[in-house]
Every structure is written in C-alpha cells, then in structure tokens.
Amino acid sequence: MSSFVGEYDIAVIGGGINGAGIARDAALRGLRVILLEKNDFGSGTTSWSSRLIHGGLRYLEYGEIPLVFESLHERRRLRQVAPHLVDRIRINIPIYRSSRRGKFIITLGMIAYDLLSIGKKIPRHRMLDCDELIAEEPGLSSDGLVGGAQYYDAQVTFAERLVLENILSAREAGADVRNYSPVIGISVREGVVRGLQFEDRVSGREREVKVATIINAGGPWVDRVLATVNRELPEFMGGTKGSHIVVGSFSGAPKAAFYVEARSDGRPFFVIPWNHQYLIGTTDIRYDGDPGDVRASAEEIDYLLKETNNVFPQARLSVTDIHFAYAGVRPLPKRDKGPESAITRKHIIYRHKHRARGLISIIGGKLTTYRNLAEQAVDIAAKRLDAKAGKCQTRTLLLPGAQDFAAEKAALKSHPDLSIECATRLLEIYGSRATLFAPGGSVFRTEDFVDNEKTVLAAEVAFVLHQEMAVSLIDIIHRRMMLGFRPDQGRSLAGRIAEIAAAAANWSDAELKRQLAELQAYNEKFLA
Ligand SMILES: Cc1cc2nc3c(=O)[nH]c(=O)nc-3n(C[C@H](O)[C@H](O)[C@H](O)COP(=O)(O)OP(=O)(O)OC[C@H]3O[C@@H](n4cnc5c(N)ncnc54)[C@H](O)[C@@H]3O)c2cc1C
C-alpha cells in the first residue's frame, strides 16, 4: 500500500541540472512543485560533463547558430546569477599544418563566436602566430605548428553545486524536493496523467502523488522513465558516451585550457585546468546500455593519453598518472545514421498527446542552457494548468550562494582564523552561504579543521547533512564538500569526516562501516 503525499501542480522527475532548473523556475512562479530524484541530486550525467559553460564553438560547424547564440547568452546570465560557481576560462586552439580546420576556418569561427556573444563582458578572441603561442605555452608541440587562436569561455568547476543551489532555491520557494526517491509508476486514465508513485528509499515506503502535469527530466533515462507509464510511448533517446581522465600537473602542462584536434581522427578534445588538476576529454561513442553502468574504457583512456602526449610531448602521460576517470551518457535524440558529433545538441521539449496528456519529456539539453530550457518547459507546462503562474524570475534572480557575495567574500577572506586557501575553497563551493557555518565573529581552533592544511572545516559536515540534504557519505564527500575530486578522491579525510557525520546523523557503528565500504566501492569505479 502506498501512502498519499499530496497534490501538486507540477511533478519533476530527475534532479540533474535540467530537473533542478525546472523545479526552481516553477516554484518561483508560485506553482506547487514536487521534484523526485532516484539517487542524489546531480549524480547523473550532470556530474560527468566537461564542466564548460560554453557557446559550443564546434556547433558552428554544423550550422547550429541559434544554439550557439542561446548558449552564449546563457553563459552571460549564469556568470551574473552564479559568479561563485561560474568563472571565465581562457582557451587556446593550436593550428597545425596537418589540422583539418585551418587558419581561415578557425578565424571565421572566432569572428562568428564573438559576434554571437553580444553584450559579453569577456575579451574578444585574438589570433596568435607560432612564436606568440609557444612563448605563452612553451610545453606545446611546435612540430608543424602554424599559429593558433585564443578566446574566452566559462567553466563551472563544481556542476554538482550548481544543481544543488537550484534545488535549494526551489525548496526555499516552496518546492517539495526529494532525493533517493525513484519514480516507479505514472498513473494515466483515459489518456490523461493523474498522478505518480515513487519509493522513499530512506524509509523504504511507497508514496503516491496527485498531479496532472509531469515533466520527465530523466536525462539519458528518459525512455526508462516512459516505460514506467506502461503504455506504448515513443522512444526518444540515442545517447552517446563521453569519457574524461583527470591527471595532475605534468611536464609542459599548459596555463590555459586547450581545444585540440586529435591527430588520429580529427575530433576536437579539451585539456582543461580544473580543480588544481587537468580534466582531459572527451570521447563520443554511441551507447545504449544503462546510463548508470557507463565507465571509461581502456581504449578511450589510451586515446586521451596518446592525444594529450601528441600535443604536449614532454608530458609522457601514462595510466599511472591518472587520478581518476569518469564517463557519462549525453542525453541526445535518437539518430541511427551519421557521425556522433553531428547529432544535434539542441534540446526538444516534447508534449505527449494521445496516450499520456499532461506528460512532457525533455530530450537533450546542455548544462549551459539549463536555465533557458527550464523557462521554456515551465512556460509550456503553465499553459495547461488551472493555477495561475507568475513570471519567470530566473533570468536575473541570484542563486543562493551569490547573494551578498562580494561582501561575504571580503569578510571571509579577512577572517583572522582562516587562510586564504581555506576562504577561497569555501567561497568556490558554498559562495556566500559559507558564512552560515563560518560566520564573521566565529573563532576557529586547530581541532575545528578536518585536514592538516586547515582548509576543510568540521562544521561543513553537519551543515551539508542538515541544510543541504546530503544523506550518504558519498553525497557529503563527492557532491557537497567536493573532496571526492581531489587527487586521492578524498580518501585521506574520509575516516574523520565519516566519524563527524556519524555523530551528526546518529549513525550506528555498523552504519558507519557500511557508509565507508560504500564510499570505497564508489571510488574504485573511477580508477583507471
Ligand atoms: C561527456 C559529456 C560532456 C559534456 N560536456 C558538457 C559541457 O562541457 N557543457 C555543457 O553545457 N554540457 C555538457 N554536457 C551535456 C550535459 O552534461 C547534459 O546534457 C546535462 O547534464 C543533462 O542534464 P539532465 O538533468 O538532463 O540529466 P541528468 O544529469 O542525467 O539528470 C537526470 C536525473 O534523472 C534521474 N532519474 C532517472 N530516472 C529516474 C526515476 N525513475 N525517478 C527519479 N529520478 C530519475 C537520474 O538519477 C538523474 O540524476 C556533457 C555531457 C557529457 C556526457
């Protein structure tokens, strides 16, 4: 027997960036919203991307001008509403005699990119000759180099936190947001959506919701969510797998990011300074397995290592240099023919008509364009509701950690007990919300820090458990405190953090052991 939770205007399935953005937008318009995520918020594809907030220079090749324009527009907005999470990044494109895209094409692309970035606040591109580029980046291979282009885009180091801040903002606006709550059924009567059922994984109980509009933001799981409707609904997804490796600094490592054409197949890939390491990727391979099972394969890892060594010959990177590797499935529309790279990255907001009126499925959608996608999806949903929806507010409304950011940043950076490294880390993760657990007048002693370097506060653990809906040790380390993306995957601090969490969440000894074992098994999935 399932217990009844309540009645809502909109139910959102999936707490990745798109679901979180939709829930926030809808709640801010005064609608009654419930969001259900089967694992933790931001644990799907959103965690496994290249973490760029970019126009997508490559999409120009496929004539996707409106998508590039939309993305560049959203890049500007995201830098305004989340300055603590989204920062600008300098990118170089080296051009070699053998490059498929020569100087002329790259120059045209750069001009178009600048023109499409109307109103941007970051510098325009510049073309560099060979000597200028090598002077800036001496580790770059000069063999056959004819010059390069330099431009700016943006990066979200911790995409997980961008998801979370959307979730927190949605909750603040009245949304009922739940992680560990997989949707297990959608009720349809006479072709119309009436409600849904989900499992509350923490209590193990089945729950029921009455709702007439459901937005399926299941990312690469969209078709699997549709299968729970138990009707013959169309299949949409044709995902492609993309993998990344993460390495430490290497001999000849660049200062800026690089966007490079792979020698073996001409595909462009990135080498990105990220989180004091280098994020290298990606690949693009059709994938139709369970998106939750996807792993970076030995071939992909070998490809990324070889191609990086081609561009930075002193690097001589090998598998032993890899800190961890990750893979994700792009939630793209099904296209059986043509190269993977040519599949459109535009999103589609599909309104199911005959068999499940009231159901809307989101196909595709980049991290960069989530806010606009959410605005469009809620506009569509609002039209079929009896409830009156207010205007979209997310174009300018700051995310929670961006409120009073400049003032709180100055306060935290001048706190007598916190080093600049510690203050910077806290600001990059929590923004101004860091002052909720590290307020101005507080005193921090050595025992208040988790690490010897005094950059991680013990108070963060209880904060993320009680204020940020972390449930497991994996959530705490990987998606709240962002220690899981350190070179050692946060292993050196895991024991201490687990003990603090056990005290804060009342875990028994057996539960503490279980949490640690689960974390270890999780970390191992990412070892190359
Ligand atoms: C390799 C790679 C590189 C990328 N690089 C970039 C980039 O640099 N910039 C950019 O803008 N975009 C990039 N993208 C694209 C971007 O990451 C995705 O399009 C975006 O994150 C999709 O978000 P989403 O919310 O739709 O999906 P997801 O993040 O996958 O979220 C869907 C959620 O639905 C949940 N779910 C599934 N089934 C159920 C159910 N039954 N009940 C409840 N919840 C359920 C899942 O657990 C998941 O958390 C990249 C993607 C990949 C794979």
# chains A, B, ... in the order shown; residues from 1 in each chain; ligands from 1

$ residues_around --residues "Gly431 in chain A" --least-positions-apart "5" --cutoff "7 Å" --atoms "only C-alpha atoms" --output "list of chain:residue names"
A:His84, A:Gly401, A:Ala402, A:Phe405, A:Leu426

$ select_by_dssp --residues "range 309-433 of chain A" --states "helix (DSSP H, G or I)" --output "JSON, numbers by chain"
{"A": [309, 310, 311, 319, 320, 321, 340, 341, 342, 370, 371, 372, 373, 374, 375, 376, 377, 378, 379, 380, 381, 382, 383, 400, 401, 402, 405, 406, 407, 408, 409, 410, 411, 412, 413, 420, 421, 422, 423, 424, 425, 426, 427, 428, 429, 430, 431, 432, 433]}

$ write_last_selection --atoms "N, CA and C atoms" --output "tab-separated table (two decimals), in the first residue's frame"
chain	number	residue	atom	x	y	z
A	309	ASN	N	49.60	13.48	-25.16
A	309	ASN	CA	51.05	13.41	-25.34
A	309	ASN	C	51.48	13.94	-26.71
A	310	ASN	N	50.62	13.81	-27.72
A	310	ASN	CA	50.95	14.37	-29.04
A	310	ASN	C	51.06	15.89	-28.96
A	311	VAL	N	50.17	16.53	-28.22
A	311	VAL	CA	50.16	18.00	-28.17
A	311	VAL	C	51.18	18.53	-27.16
A	319	VAL	N	48.92	5.56	-17.86
A	319	VAL	CA	47.78	5.22	-17.00
A	319	VAL	C	48.08	5.50	-15.52
A	320	THR	N	49.35	5.31	-15.13
A	320	THR	CA	49.67	5.51	-13.70
A	320	THR	C	49.56	6.98	-13.28
A	321	ASP	N	49.52	7.90	-14.25
A	321	ASP	CA	49.38	9.33	-13.91
A	321	ASP	C	47.92	9.72	-13.67
A	340	GLU	N	28.59	10.64	-34.60
A	340	GLU	CA	28.05	11.02	-33.30
A	340	GLU	C	28.12	12.54	-33.12
A	341	SER	N	29.24	13.12	-33.56
A	341	SER	CA	29.46	14.56	-33.32
A	341	SER	C	28.45	15.43	-34.05
A	342	ALA	N	27.77	14.82	-35.09
A	342	ALA	CA	26.82	15.62	-35.86
A	342	ALA	C	25.42	15.60	-35.25
A	370	TYR	N	20.60	25.13	-19.35
A	370	TYR	CA	19.55	24.57	-18.49
A	370	TYR	C	18.52	25.62	-18.08
A	371	ARG	N	18.97	26.84	-17.82
A	371	ARG	CA	18.05	27.87	-17.29
A	371	ARG	C	16.99	28.21	-18.33
A	372	ASN	N	17.44	28.36	-19.57
A	372	ASN	CA	16.51	28.70	-20.65
A	372	ASN	C	15.57	27.52	-20.94
A	373	LEU	N	16.14	26.32	-20.92
A	373	LEU	CA	15.30	25.12	-21.12
A	373	LEU	C	14.21	25.09	-20.05
A	374	ALA	N	14.61	25.37	-18.80
A	374	ALA	CA	13.64	25.34	-17.69
A	374	ALA	C	12.55	26.39	-17.92
A	375	GLU	N	12.96	27.56	-18.34
A	375	GLU	CA	11.97	28.63	-18.57
A	375	GLU	C	10.96	28.19	-19.64
A	376	GLN	N	11.48	27.61	-20.73
A	376	GLN	CA	10.59	27.16	-21.82
A	376	GLN	C	9.66	26.04	-21.36
A	377	ALA	N	10.24	25.08	-20.60
A	377	ALA	CA	9.43	23.93	-20.15
A	377	ALA	C	8.31	24.41	-19.21
A	378	VAL	N	8.63	25.34	-18.32
A	378	VAL	CA	7.61	25.80	-17.36
A	378	VAL	C	6.57	26.65	-18.10
A	379	ASP	N	6.99	27.43	-19.09
A	379	ASP	CA	6.01	28.18	-19.90
A	379	ASP	C	4.98	27.23	-20.50
A	380	ILE	N	5.49	26.12	-21.06
A	380	ILE	CA	4.61	25.14	-21.71
A	380	ILE	C	3.70	24.48	-20.67
A	381	ALA	N	4.29	24.07	-19.55
A	381	ALA	CA	3.50	23.40	-18.51
A	381	ALA	C	2.44	24.34	-17.95
A	382	ALA	N	2.83	25.59	-17.74
A	382	ALA	CA	1.92	26.55	-17.08
A	382	ALA	C	0.65	26.76	-17.91
A	383	LYS	N	0.79	26.65	-19.24
A	383	LYS	CA	-0.37	26.89	-20.12
A	383	LYS	C	-1.50	25.91	-19.86
A	400	PRO	N	21.34	31.07	-4.49
A	400	PRO	CA	21.53	31.37	-3.06
A	400	PRO	C	22.96	31.79	-2.68
A	401	GLY	N	23.96	31.10	-3.18
A	401	GLY	CA	25.34	31.42	-2.79
A	401	GLY	C	25.87	32.71	-3.40
A	402	ALA	N	25.10	33.30	-4.30
A	402	ALA	CA	25.54	34.54	-4.96
A	402	ALA	C	25.02	35.77	-4.23
A	405	PHE	N	27.39	38.24	-2.26
A	405	PHE	CA	28.65	37.51	-2.46
A	405	PHE	C	29.88	38.39	-2.24
A	406	ALA	N	29.88	39.60	-2.83
A	406	ALA	CA	31.07	40.46	-2.74
A	406	ALA	C	31.39	40.78	-1.27
A	407	ALA	N	30.36	41.13	-0.49
A	407	ALA	CA	30.59	41.50	0.92
A	407	ALA	C	31.05	40.30	1.74
A	408	GLU	N	30.38	39.15	1.54
A	408	GLU	CA	30.74	37.96	2.32
A	408	GLU	C	32.12	37.44	1.92
A	409	LYS	N	32.44	37.61	0.64
A	409	LYS	CA	33.76	37.17	0.16
A	409	LYS	C	34.85	37.96	0.90
A	410	ALA	N	34.66	39.27	0.96
A	410	ALA	CA	35.64	40.13	1.63
A	410	ALA	C	35.74	39.74	3.11
A	411	ALA	N	34.58	39.48	3.74
A	411	ALA	CA	34.59	39.14	5.17
A	411	ALA	C	35.33	37.82	5.41
A	412	LEU	N	35.03	36.83	4.56
A	412	LEU	CA	35.64	35.51	4.77
A	412	LEU	C	37.15	35.56	4.51
A	413	LYS	N	37.54	36.35	3.49
A	413	LYS	CA	38.96	36.41	3.14
A	413	LYS	C	39.76	37.16	4.19
A	420	ILE	N	43.89	32.11	3.30
A	420	ILE	CA	43.30	32.48	2.00
A	420	ILE	C	42.86	31.21	1.26
A	421	GLU	N	43.67	30.14	1.38
A	421	GLU	CA	43.32	28.87	0.69
A	421	GLU	C	41.98	28.35	1.21
A	422	CYS	N	41.80	28.42	2.52
A	422	CYS	CA	40.56	27.92	3.11
A	422	CYS	C	39.38	28.79	2.67
A	423	ALA	N	39.55	30.11	2.79
A	423	ALA	CA	38.45	31.02	2.42
A	423	ALA	C	38.09	30.83	0.95
A	424	THR	N	39.11	30.71	0.08
A	424	THR	CA	38.86	30.55	-1.35
A	424	THR	C	38.10	29.25	-1.61
A	425	ARG	N	38.53	28.18	-0.95
A	425	ARG	CA	37.84	26.90	-1.14
A	425	ARG	C	36.38	27.00	-0.71
A	426	LEU	N	36.14	27.59	0.45
A	426	LEU	CA	34.76	27.69	0.94
A	426	LEU	C	33.90	28.52	-0.01
A	427	LEU	N	34.47	29.62	-0.52
A	427	LEU	CA	33.71	30.51	-1.41
A	427	LEU	C	33.41	29.82	-2.74
A	428	GLU	N	34.38	29.03	-3.24
A	428	GLU	CA	34.16	28.35	-4.53
A	428	GLU	C	33.12	27.25	-4.43
A	429	ILE	N	32.91	26.76	-3.22
A	429	ILE	CA	31.95	25.67	-3.05
A	429	ILE	C	30.57	26.20	-2.61
A	430	TYR	N	30.59	27.01	-1.55
A	430	TYR	CA	29.31	27.43	-0.95
A	430	TYR	C	28.93	28.87	-1.28
A	431	GLY	N	29.83	29.64	-1.90
A	431	GLY	CA	29.55	31.06	-2.13
A	431	GLY	C	29.34	31.76	-0.80
A	432	SER	N	28.42	32.71	-0.77
A	432	SER	CA	28.20	33.46	0.47
A	432	SER	C	27.57	32.61	1.56
A	433	ARG	N	27.02	31.44	1.19
A	433	ARG	CA	26.41	30.56	2.21
A	433	ARG	C	27.45	30.00	3.17

$ residues_near_ligand --ligand "ligand 1" --cutoff "6 Å" --atoms "only C-alpha atoms and all ligand atoms" --output "PyMOL selection string"
chain A and resi 13-19+36-39+41-46+48-53+182-184+217-221+225+241-243+282+328-331+364-368

$ closest_residue --among "A:Glu261, A:Ala501, A:Ser3, A:Pro94" --to "Ser141 in chain A" --atoms "only C-alpha atoms"
A:Pro94

$ residues_around --residues "Arg496 in chain A" --least-positions-apart "3" --cutoff "12 Å" --atoms "only C-alpha atoms" --output "PyMOL selection string"
chain A and resi 447-452+456-458+461+473+477+490-493+499-503+512+516

$ residues_around --residues "Ser117 in chain A" --least-positions-apart "4" --cutoff "8 Å" --atoms "only C-alpha atoms" --output "short mmCIF file (atom, residue, chain, number, x, y, z; two decimals) with all heavy atoms, in the first residue's frame"
data_model
loop_
_atom_site.label_atom_id
_atom_site.label_comp_id
_atom_site.auth_asym_id
_atom_site.auth_seq_id
_atom_site.Cartn_x
_atom_site.Cartn_y
_atom_site.Cartn_z
N PHE A 69 24.11 30.91 -30.17
CA PHE A 69 23.63 32.22 -29.69
C PHE A 69 22.97 32.07 -28.32
O PHE A 69 23.28 32.81 -27.37
CB PHE A 69 22.65 32.80 -30.71
CG PHE A 69 22.14 34.16 -30.33
CD1 PHE A 69 22.98 35.27 -30.37
CD2 PHE A 69 20.83 34.34 -29.92
CE1 PHE A 69 22.53 36.53 -30.00
CE2 PHE A 69 20.36 35.59 -29.55
CZ PHE A 69 21.21 36.69 -29.59
N LEU A 72 25.61 31.27 -25.62
CA LEU A 72 26.45 32.41 -25.23
C LEU A 72 25.66 33.39 -24.37
O LEU A 72 26.20 34.00 -23.44
CB LEU A 72 27.02 33.09 -26.48
CG LEU A 72 28.06 32.23 -27.21
CD1 LEU A 72 28.41 32.82 -28.57
CD2 LEU A 72 29.33 32.08 -26.38
N HIS A 73 24.40 33.52 -24.69
CA HIS A 73 23.51 34.38 -23.92
C HIS A 73 23.38 33.85 -22.50
O HIS A 73 23.47 34.58 -21.52
CB HIS A 73 22.14 34.34 -24.61
CG HIS A 73 21.36 35.59 -24.44
ND1 HIS A 73 21.81 36.80 -24.88
CD2 HIS A 73 20.17 35.80 -23.84
CE1 HIS A 73 20.91 37.71 -24.58
NE2 HIS A 73 19.92 37.13 -23.95
N TYR A 113 31.84 33.58 -33.36
CA TYR A 113 31.65 33.38 -31.91
C TYR A 113 31.58 34.73 -31.20
O TYR A 113 30.74 34.95 -30.34
CB TYR A 113 32.83 32.55 -31.39
CG TYR A 113 32.52 31.66 -30.20
CD1 TYR A 113 31.60 30.63 -30.29
CD2 TYR A 113 33.19 31.82 -28.99
CE1 TYR A 113 31.34 29.79 -29.21
CE2 TYR A 113 32.95 30.99 -27.91
CZ TYR A 113 32.02 29.98 -28.02
OH TYR A 113 31.77 29.15 -26.95
#

$ residues_around --residues "range 294-307 of chain A" --least-positions-apart "4" --cutoff "7 Å" --atoms "only C-alpha atoms" --output "ChimeraX atom specification"
/A:243,245,262-263,280-281,283,311,317-318,325-328

$ residues_around --residues "Ala23 in chain A" --least-positions-apart "6" --cutoff "8 Å" --atoms "only C-alpha atoms" --output "PyMOL selection string"
chain A and resi 12+33-35+166-167+170+175

$ write_last_selection --atoms "C-alpha atoms" --output "tab-separated table (two decimals), in the first residue's frame"
chain	number	residue	atom	x	y	z
A	12	VAL	CA	9.51	16.91	-11.99
A	33	VAL	CA	6.04	21.61	-7.26
A	34	ILE	CA	7.47	18.26	-6.29
A	35	LEU	CA	10.85	17.06	-7.61
A	166	ASN	CA	18.90	25.31	-7.90
A	167	ILE	CA	17.44	22.66	-5.60
A	170	ALA	CA	13.43	25.67	-5.36
A	175	ALA	CA	9.02	23.18	-3.72

$ residues_around --residues "Ser2 in chain A" --least-positions-apart "4" --cutoff "10 Å" --atoms "only C-alpha atoms" --output "list in words"
Gln197, Phe198, Glu199, Arg205, Glu206, Arg207, Glu208 and Val209 of chain A

$ write_last_selection --atoms "N, CA and C atoms" --output "mmCIF file, in the first residue's frame"
data_model
loop_
_atom_site.group_PDB
_atom_site.id
_atom_site.type_symbol
_atom_site.label_atom_id
_atom_site.label_comp_id
_atom_site.auth_asym_id
_atom_site.auth_seq_id
_atom_site.Cartn_x
_atom_site.Cartn_y
_atom_site.Cartn_z
ATOM 1 N N GLN A 197 3.705 7.402 -8.646
ATOM 2 C CA GLN A 197 4.120 6.682 -7.451
ATOM 3 C C GLN A 197 5.641 6.716 -7.389
ATOM 4 N N PHE A 198 6.153 6.878 -6.192
ATOM 5 C CA PHE A 198 7.603 6.802 -6.018
ATOM 6 C C PHE A 198 7.933 6.054 -4.735
ATOM 7 N N GLU A 199 9.196 5.636 -4.682
ATOM 8 C CA GLU A 199 9.643 4.911 -3.492
ATOM 9 C C GLU A 199 10.469 5.884 -2.655
ATOM 10 N N ARG A 205 9.341 3.094 2.021
ATOM 11 C CA ARG A 205 7.894 3.084 1.781
ATOM 12 C C ARG A 205 7.532 3.607 0.392
ATOM 13 N N GLU A 206 6.420 3.127 -0.115
ATOM 14 C CA GLU A 206 5.936 3.606 -1.406
ATOM 15 C C GLU A 206 4.993 4.785 -1.173
ATOM 16 N N ARG A 207 5.094 5.794 -2.015
ATOM 17 C CA ARG A 207 4.275 7.001 -1.827
ATOM 18 C C ARG A 207 3.541 7.345 -3.134
ATOM 19 N N GLU A 208 2.517 8.136 -2.968
ATOM 20 C CA GLU A 208 1.690 8.486 -4.130
ATOM 21 C C GLU A 208 1.419 9.989 -4.169
ATOM 22 N N VAL A 209 1.354 10.533 -5.366
ATOM 23 C CA VAL A 209 1.163 11.967 -5.536
ATOM 24 C C VAL A 209 0.063 12.190 -6.562
#

$ select_by_dssp --residues "range 211-454 of chain A" --states "strand (DSSP E or B)" --output "PyMOL selection string"
chain A and resi 211-216+237+240-247+257-261+268-274+277-281+285-286+322-330+333+348-351+357+359-363+449

$ atom_distance --atom1 "CA of Ala505 in chain A" --atom2 "CA of Gly292 in chain A"
27.5 Å

$ atom_distance --atom1 "CA of Leu483 in chain A" --atom2 "CA of Glu165 in chain A"
17.8 Å
